[in-house]
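Asks: Quick one, coords-v3.txt (compact mmCIF, C-alpha atoms):
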# COMPACT_ATOMS: atom_id res chain seq x y z
CA MET V 1 0.00 0.00 0.00
CA GLN V 2 2.81 2.39 0.91
CA LYS V 3 4.62 1.51 -2.31
CA ASN V 4 1.51 2.34 -4.34
CA ASP V 5 1.09 5.69 -2.55
CA LYS V 6 4.75 6.49 -3.07
CA ARG V 7 4.50 5.57 -6.76
CA LYS V 8 1.42 7.75 -7.23
CA SER V 9 3.07 10.65 -5.40
CA THR V 10 6.13 10.33 -7.63
CA GLY V 11 3.93 10.25 -10.72
CA LYS V 12 2.15 13.41 -9.61
CA TRP V 13 5.42 15.29 -9.23
CA VAL V 14 6.58 14.03 -12.61
CA TRP V 15 3.47 15.48 -14.26
CA ILE V 16 3.89 18.75 -12.37
CA SER V 17 7.53 18.98 -13.46
CA LEU V 18 6.60 18.31 -17.08
CA ALA V 19 3.93 21.01 -16.95
CA VAL V 20 6.39 23.53 -15.53
CA VAL V 21 8.94 22.69 -18.22
CA PHE V 22 6.29 22.96 -20.94
CA PHE V 23 5.15 26.42 -19.85
CA ALA V 24 8.74 27.55 -19.32
CA LEU V 25 9.59 26.66 -22.92
CA LEU V 26 6.32 27.98 -24.35
CA PRO V 27 7.66 31.42 -25.40
CA LEU V 28 10.21 29.75 -27.66
CA TRP V 29 7.53 28.68 -30.16
CA ALA V 30 4.14 30.13 -29.18
CA PRO V 31 2.72 33.17 -31.05
CA LYS V 32 2.48 36.49 -29.22
CA MET V 33 -1.30 36.22 -29.07
CA TRP V 34 -1.05 32.96 -27.13
CA LEU V 35 1.52 34.42 -24.75
CA HIS V 36 -0.74 37.39 -24.03
CA LEU V 37 -3.69 35.07 -23.39
CA ILE V 38 -1.71 32.76 -21.09
CA ILE V 39 -0.32 35.73 -19.16
CA GLU V 40 -3.86 36.99 -18.63
CA ILE V 41 -4.95 33.53 -17.43
CA LEU V 42 -2.02 33.38 -14.98
CA ILE V 43 -2.87 36.79 -13.55
CA VAL V 44 -6.60 36.12 -13.21
CA ALA V 45 -5.88 32.65 -11.79
CA LEU V 46 -3.69 34.18 -9.09
CA PHE V 47 -6.46 36.66 -8.30
CA ALA V 48 -8.99 33.81 -8.07
CA MET V 49 -6.69 31.74 -5.86
CA SER V 50 -6.35 34.66 -3.46
CA LEU V 51 -10.15 34.86 -3.18
CA ASN V 52 -10.34 31.10 -2.67
CA MET V 53 -8.36 31.56 0.55
CA ILE V 54 -11.35 33.50 1.88
CA LEU V 55 -14.26 31.91 0.03
CA GLY V 56 -13.13 28.31 -0.21
CA ARG V 57 -10.88 27.79 2.79
CA ALA V 58 -12.57 30.09 5.31
CA GLY V 59 -16.11 29.86 3.91
CA LEU V 60 -16.60 33.64 3.79
CA PRO V 61 -18.17 35.00 0.57
CA SER V 62 -16.38 38.25 -0.29
CA PHE V 63 -17.84 40.58 -2.92
CA GLY V 64 -15.23 43.29 -2.42
CA HIS V 65 -12.04 41.36 -3.13
CA ALA V 66 -11.38 43.41 -6.27
CA ALA V 67 -10.50 46.33 -3.99
CA PHE V 68 -7.12 44.75 -3.25
CA TYR V 69 -6.72 43.93 -6.94
CA ALA V 70 -7.07 47.65 -7.69
CA VAL V 71 -4.87 48.75 -4.80
CA GLY V 72 -2.05 46.57 -6.10
CA GLY V 73 -2.37 48.00 -9.60
CA TYR V 74 -2.59 51.62 -8.45
CA THR V 75 0.31 51.19 -6.04
CA LEU V 76 2.59 50.00 -8.83
CA ALA V 77 1.49 52.81 -11.16
CA ILE V 78 1.72 55.57 -8.55
CA PHE V 79 5.08 54.43 -7.20
CA ILE V 80 6.57 54.38 -10.70
CA MET V 81 4.86 57.36 -12.34
CA LYS V 82 4.44 59.79 -9.44
CA LEU V 83 7.08 58.78 -6.88
CA HIS V 84 9.58 57.69 -9.55
CA LEU V 85 10.67 54.64 -7.59
CA PRO V 86 12.43 51.68 -9.23
CA PHE V 87 10.28 49.02 -10.84
CA VAL V 88 11.37 46.22 -8.48
CA ILE V 89 10.56 48.26 -5.37
CA SER V 90 7.17 49.22 -6.82
CA LEU V 91 6.34 45.61 -7.67
CA ILE V 92 7.24 44.44 -4.15
CA ALA V 93 5.34 47.32 -2.56
CA ALA V 94 2.10 46.60 -4.47
CA PRO V 95 1.03 43.46 -2.55
CA VAL V 96 2.32 44.92 0.73
CA VAL V 97 0.16 48.04 0.38
CA ALA V 98 -2.81 45.86 -0.60
CA ALA V 99 -2.27 43.81 2.57
CA VAL V 100 -2.16 47.02 4.62
CA PHE V 101 -5.52 48.08 3.16
CA ALA V 102 -6.86 44.61 3.98
CA VAL V 103 -6.18 45.07 7.70
CA PRO V 104 -8.91 47.65 8.50
CA ILE V 105 -11.35 46.10 6.01
CA GLY V 106 -10.81 42.65 7.49
CA TYR V 107 -10.95 44.02 11.05
CA PHE V 108 -14.58 44.98 10.62
CA SER V 109 -15.66 42.39 8.05
CA ILE V 110 -14.60 39.09 9.59
CA ARG V 111 -16.74 39.69 12.65
CA LEU V 112 -19.67 38.86 10.36
CA THR V 113 -20.55 35.78 8.35
CA GLY V 114 -22.61 34.86 5.32
CA ILE V 115 -24.45 37.54 3.37
CA HIS V 116 -23.56 40.23 5.94
CA PHE V 117 -19.85 39.61 5.36
CA ALA V 118 -20.40 39.72 1.60
CA ILE V 119 -22.31 43.02 1.70
CA LEU V 120 -19.83 44.69 4.05
CA THR V 121 -16.83 43.73 1.92
CA MET V 122 -18.67 44.98 -1.17
CA GLY V 123 -19.33 48.27 0.62
CA PHE V 124 -15.66 48.75 1.44
CA GLY V 125 -14.76 47.85 -2.11
CA GLN V 126 -17.15 50.43 -3.54
CA ILE V 127 -15.66 53.11 -1.28
CA LEU V 128 -12.19 52.45 -2.67
CA TRP V 129 -13.60 52.35 -6.20
CA ALA V 130 -15.30 55.73 -5.69
CA ILE V 131 -12.06 57.27 -4.42
CA ALA V 132 -10.13 55.98 -7.44
CA HIS V 133 -12.93 57.08 -9.78
CA LYS V 134 -13.13 60.67 -8.53
CA TRP V 135 -9.63 61.58 -7.30
CA TYR V 136 -8.34 62.97 -10.60
CA GLY V 137 -5.28 64.61 -9.11
CA PHE V 138 -3.89 61.37 -7.69
CA THR V 139 -5.46 58.36 -9.37
CA GLY V 140 -6.39 59.98 -12.67
CA GLY V 141 -10.10 59.55 -11.98
CA ASP V 142 -12.08 57.59 -14.54
CA ASP V 143 -9.24 58.12 -17.02
CA GLY V 144 -6.95 56.00 -14.87
CA LEU V 145 -3.18 56.06 -15.06
CA THR V 146 -1.83 55.08 -18.45
CA GLY V 147 1.61 54.68 -20.00
CA ILE V 148 3.36 52.97 -17.11
CA PRO V 149 7.07 52.88 -18.01
CA LEU V 150 8.65 49.42 -17.77
CA PRO V 151 12.20 48.10 -17.85
CA ALA V 152 13.31 46.99 -21.29
CA VAL V 153 13.75 43.38 -20.16
CA ILE V 154 10.00 42.93 -19.57
CA SER V 155 8.65 45.39 -22.11
CA GLY V 156 8.22 42.58 -24.64
CA PRO V 157 5.76 39.68 -24.37
CA LYS V 158 8.45 37.04 -23.74
CA GLY V 159 10.14 38.98 -20.96
CA PHE V 160 6.92 39.72 -19.16
CA TYR V 161 5.69 36.16 -19.66
CA TYR V 162 8.65 34.82 -17.70
CA LEU V 163 8.11 37.42 -14.97
CA ALA V 164 4.40 36.57 -14.66
CA PHE V 165 5.13 32.84 -14.78
CA LEU V 166 7.81 33.09 -12.09
CA VAL V 167 5.62 35.21 -9.80
CA PHE V 168 2.68 32.84 -10.34
CA ILE V 169 4.74 29.75 -9.44
CA ILE V 170 6.18 31.39 -6.33
CA CYS V 171 2.72 32.52 -5.18
CA LEU V 172 1.31 29.08 -5.96
CA ILE V 173 3.92 27.42 -3.75
CA LEU V 174 3.39 29.93 -0.94
CA ILE V 175 -0.40 29.52 -1.01
CA ARG V 176 -0.02 25.74 -0.95
CA MET V 177 2.38 25.93 2.00
CA ILE V 178 0.01 28.23 3.88
CA GLN V 179 -3.00 25.99 3.28
CA GLU V 180 -1.12 22.85 4.31
CA SER V 181 0.31 24.48 7.47
CA PRO V 182 -1.33 24.23 10.92
CA PHE V 183 -2.59 27.77 10.34
CA GLY V 184 -4.29 26.72 7.11
CA ARG V 185 -5.80 23.65 8.75
CA MET V 186 -7.17 25.88 11.51
CA ILE V 187 -8.82 28.14 8.91
CA GLU V 188 -10.40 25.08 7.31
CA ALA V 189 -11.59 23.79 10.70
CA THR V 190 -13.13 27.20 11.41
CA ARG V 191 -15.08 26.93 8.18
CA GLU V 192 -16.46 23.54 9.20
CA ASN V 193 -17.38 24.43 12.79
CA ARG V 194 -16.55 27.92 14.00
CA ASP V 195 -18.11 27.49 17.44
CA ARG V 196 -16.20 24.31 18.23
CA VAL V 197 -12.87 25.89 17.28
CA THR V 198 -13.73 28.92 19.41
CA PHE V 199 -14.58 26.73 22.41
CA SER V 200 -11.23 24.96 22.05
CA GLY V 201 -9.49 28.19 23.04
CA VAL V 202 -8.21 29.23 19.61
CA LYS V 203 -8.44 32.93 18.77
CA VAL V 204 -10.52 32.47 15.66
CA TRP V 205 -10.81 36.19 14.99
CA HIS V 206 -7.02 36.60 14.77
CA HIS V 207 -6.65 33.65 12.42
CA LEU V 208 -9.41 34.86 10.09
CA LEU V 209 -8.00 38.39 10.02
CA LEU V 210 -4.51 37.13 9.14
CA ASN V 211 -5.97 34.89 6.44
CA PHE V 212 -7.91 37.87 5.03
CA VAL V 213 -4.76 40.00 4.95
CA ILE V 214 -2.73 37.26 3.25
CA ALA V 215 -5.43 36.91 0.61
CA GLY V 216 -5.31 40.67 0.06
CA PHE V 217 -1.54 40.41 -0.40
CA PHE V 218 -1.82 37.92 -3.26
CA ALA V 219 -4.69 39.86 -4.83
CA GLY V 220 -2.50 42.97 -4.79
CA MET V 221 0.26 41.08 -6.57
CA ALA V 222 -2.19 39.97 -9.26
CA GLY V 223 -3.38 43.57 -9.68
CA ALA V 224 0.19 44.79 -10.10
CA LEU V 225 0.81 42.18 -12.81
CA LEU V 226 -2.37 43.23 -14.63
CA ALA V 227 -1.25 46.87 -14.51
CA ILE V 228 2.05 45.82 -16.08
CA LEU V 229 0.25 43.80 -18.75
CA ASN V 230 -2.00 46.72 -19.70
CA ARG V 231 0.61 49.38 -18.89
CA SER V 232 -2.29 51.16 -17.23
CA VAL V 233 -4.70 50.91 -14.33
CA PHE V 234 -8.34 52.00 -14.13
CA PRO V 235 -11.02 52.21 -11.43
CA GLU V 236 -12.77 49.23 -13.03
CA PHE V 237 -10.05 47.06 -11.49
CA GLY V 238 -11.88 47.52 -8.18
CA TYR V 239 -15.50 47.61 -9.31
CA TRP V 240 -17.92 45.13 -7.75
CA THR V 241 -18.45 43.33 -11.07
CA THR V 242 -14.77 42.37 -11.02
CA SER V 243 -15.32 40.81 -7.60
CA ALA V 244 -18.40 38.99 -8.88
CA ALA V 245 -16.47 37.66 -11.88
CA VAL V 246 -13.74 36.15 -9.73
CA VAL V 247 -16.38 34.59 -7.46
CA LEU V 248 -17.81 32.90 -10.57
CA MET V 249 -14.35 31.61 -11.43
CA CYS V 250 -14.03 29.95 -8.03
CA ILE V 251 -17.52 28.45 -8.27
CA LEU V 252 -16.94 27.26 -11.82
CA GLY V 253 -13.62 25.65 -10.99
CA GLY V 254 -14.57 24.37 -7.55
CA VAL V 255 -14.74 26.31 -4.30
CA GLY V 256 -12.20 25.00 -1.80
CA VAL V 257 -10.34 22.90 -4.37
CA PHE V 258 -6.73 24.07 -4.71
CA VAL V 259 -6.63 24.04 -8.52
CA GLY V 260 -10.30 25.00 -8.85
CA PRO V 261 -9.70 28.76 -9.27
CA ILE V 262 -7.08 28.07 -11.94
CA VAL V 263 -9.54 25.92 -13.89
CA GLY V 264 -12.32 28.48 -13.52
CA ALA V 265 -10.08 31.39 -14.51
CA ALA V 266 -8.84 29.56 -17.60
CA ILE V 267 -12.35 28.59 -18.73
CA ILE V 268 -13.89 32.04 -18.30
CA THR V 269 -10.93 33.82 -19.90
CA LEU V 270 -10.98 31.47 -22.89
CA LEU V 271 -14.75 31.81 -23.24
CA GLU V 272 -14.48 35.59 -23.17
CA HIS V 273 -11.76 35.65 -25.81
CA TYR V 274 -12.98 33.03 -28.25
CA ILE V 275 -16.76 33.02 -27.98
CA SER V 276 -16.89 36.82 -28.07
CA VAL V 277 -15.37 36.58 -31.55
CA TYR V 278 -18.63 35.05 -32.79
CA THR V 279 -21.16 36.80 -30.57
CA PHE V 280 -21.44 39.73 -28.19
CA TYR V 281 -23.53 37.56 -25.88
CA TRP V 282 -20.79 35.27 -24.64
CA GLN V 283 -22.18 35.77 -21.13
CA PHE V 284 -25.23 33.80 -22.28
CA VAL V 285 -22.97 30.81 -22.95
CA LEU V 286 -21.32 31.31 -19.57
CA GLY V 287 -24.71 31.45 -17.86
CA CYS V 288 -25.80 28.20 -19.50
CA LEU V 289 -22.53 26.58 -18.44
CA ILE V 290 -23.03 27.68 -14.83
CA ILE V 291 -26.59 26.30 -14.81
CA VAL V 292 -25.36 22.93 -16.11
CA LEU V 293 -22.58 22.83 -13.54
CA VAL V 294 -24.87 23.67 -10.64
CA MET V 295 -27.24 20.91 -11.72
CA PHE V 296 -24.72 18.17 -12.52
CA MET V 297 -21.42 19.28 -10.94
CA PRO V 298 -22.25 21.26 -7.78
CA GLY V 299 -18.63 21.05 -6.67
CA GLY V 300 -17.39 22.69 -9.87
CA ILE V 301 -15.21 21.21 -12.58
CA GLY V 302 -12.16 21.03 -10.34
CA GLY V 303 -14.20 19.49 -7.55
CA PHE V 304 -15.62 16.87 -9.94
CA ILE V 305 -12.14 15.92 -11.16
CA HIS V 306 -10.81 15.86 -7.60
CA ASP V 307 -13.61 13.56 -6.41
CA ARG V 308 -13.16 11.21 -9.35
CA PHE V 309 -9.41 11.06 -8.83
CA LYS V 310 -9.87 10.46 -5.11
CA ARG V 311 -12.41 7.70 -5.77
CA ASP V 312 -10.17 6.03 -8.35
CA ARG V 313 -7.33 5.91 -5.81
CA GLN V 314 -9.47 4.02 -3.30
CA PRO V 315 -9.33 0.22 -3.19
CA ASP V 316 -12.16 -1.63 -4.92
CA SER V 317 -13.45 -2.95 -1.59
CA ILE V 318 -13.99 0.58 -0.28
CA ARG V 319 -15.60 1.83 -3.50
CA SER V 320 -18.06 -1.03 -3.51
Translate this structure into structure tokens?
Replies:
Amino acid sequence: MQKNDKRKSTGKWVWISLAVVFFALLPLWAPKMWLHLIIEILIVALFAMSLNMILGRAGLPSFGHAAFYAVGGYTLAIFIMKLHLPFVISLIAAPVVAAVFAVPIGYFSIRLTGIHFAILTMGFGQILWAIAHKWYGFTGGDDGLTGIPLPAVISGPKGFYYLAFLVFIICLILIRMIQESPFGRMIEATRENRDRVTFSGVKVWHHLLLNFVIAGFFAGMAGALLAILNRSVFPEFGYWTTSAAVVLMCILGGVGVFVGPIVGAAIITLLEHYISVYTFYWQFVLGCLIIVLVMFMPGGIGGFIHDRFKRDRQPDSIRS
């Protein structure tokens, strides 16, 4: 039994290594259009994974997560264009500033649960959106900040692809380590039974706040990458529809499943790019897909694959 588990674990790492090598070599032969599309998927997938830390792992539905997405993008643009700081410092500062903004928002929000948590986070998000939308002297207002200067090494699609890919892999590893740590297990236990964890003497409030701030950190990094991709940042980065879209990605891929947000982000991004070529109503196709998934795959595509894989690994005696 141990040999079989060890063999399966080795096989999993082999497939992961092959996937990493494939995407690392992709710029050597892929067209620029593909690179741009894959970069966008990586960025949106990182954004969705950051939300999954709140929605999937902690069980708290946030409809204001795009606020940190926008803060990360604006931080990068403002630090480079207005403060004239180096690119590396601006990129590092973007998720840090987003995490700082997440502290007061999380302080008030995590005291609530369910729809009340969702509405409060959306309210905070709309406040930040309104500030970005109307503060013309600092954020550029509804015109945004455009023409972000970039170092020559990442000004081309190949250079930025490797930057986005490297950042995505590092964040992926960090999120996995956090979720598999005792802290991550405590967040998951809180989702399952908050009262029992509280009665055990654990400071649930502190754990949830830290988890909220960490999620804001990764969302800020995704926002900074999107600002680099577009060489601009706009208030729409933080609008509530952006938060709703990333919630759909998590649901589509599988809430709580580690790779679920990646699957959901890839599907929605591909649908938007390819189906919109043939019709302006690509959202109609997305809506039909969501209805089918809710009816036949309530755990999302990633959840369905995860359950099938888990069932296939079980001995025949247990499955029967």
Asks: Between V:Thr75, V:Asn52, V:Ser181, V:Ser17, which is the closest to Leu252 (chain V) once you count only C-alpha atoms?
Replies: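 Among the listed residues, the smallest separation from Leu252 (chain V) belongs to V:Asn52.
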Asks: Find the smallest box with edges along x, y and z containing every listed atom of region 144-162 of chain V, then add 6 Å on each side and report centre and edge lengths in Å to one decimal, as lines of an AutoDock Vina configuration file.
Replies:
center_x = 3.4
center_y = 45.4
center_z = -19.8
size_x = 32.7
size_y = 33.2
size_z = 21.8
Asks: Which of these, V:Gly125, V:Gly73, V:Pro95, V:Gly184, has the shortest distance to Arg231 (chain V) once you count all atoms listed in the file?
Replies: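 Closest to Arg231 (chain V) of all the choices is V:Gly73.
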Asks: Just how far from CA of Leu51 (chain V) is CA of Phe117 (chain V), in Å to one decimal?
Replies: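 Separating CA of Phe117 (chain V) from CA of Leu51 (chain V) is a distance of 13.8 Å.
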Asks: Please tell me which residues are no farther than 12 Å from (6.7, 59.4, -11.3) in the file, counting all atoms listed in the file, and write them as a VMD selection string.
Replies: chain V and resid 75 to 87 90 138 145 to 149
Asks: Which residue out of V:Leu208, V:Val285, V:Val97, V:Leu174 has the minimum interatomic distance to Thr190 (chain V) when only C-alpha atoms are used?
Replies: V:Leu208
Asks: List as a PyMOL selection string the protein and nucleic acid residues near Phe68 (chain V), meaning an atom at most 6 Å away when only C-alpha atoms are counted, but skip any in the same chain fewer than 6 places from it.
Replies: chain V and resi 98+216+219-220
Asks: Residues within 12 Å of Thr241 (chain V), please, as an NGL selection string. Count all atoms listed in the file; anything in the same chain fewer than 2 positions from it doesn't count.
Replies: :V and (63-67 or 122 or 125-126 or 129 or 235-239 or 243-248)
Asks: Would you work out the distance separating CA of Ala118 (chain V) from CA of Ile43 (chain V), expressed in Å to one decimal?
Replies: 23.4 Å
Asks: What is the distance between CA of Ser109 (chain V) and CA of Pro61 (chain V), in Å to one decimal?
Replies: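 CA of Ser109 (chain V) sits 10.8 Å away from CA of Pro61 (chain V).
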Asks: Of the candidates V:Ala222, V:Ala215, V:Leu91, V:Ala102, which shows the shortest atom-to-atom distance to Ala45 (chain V), using all atoms listed in the file?
Replies: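 Counting all atoms listed in the file, the residue closest to Ala45 (chain V) is V:Ala222.
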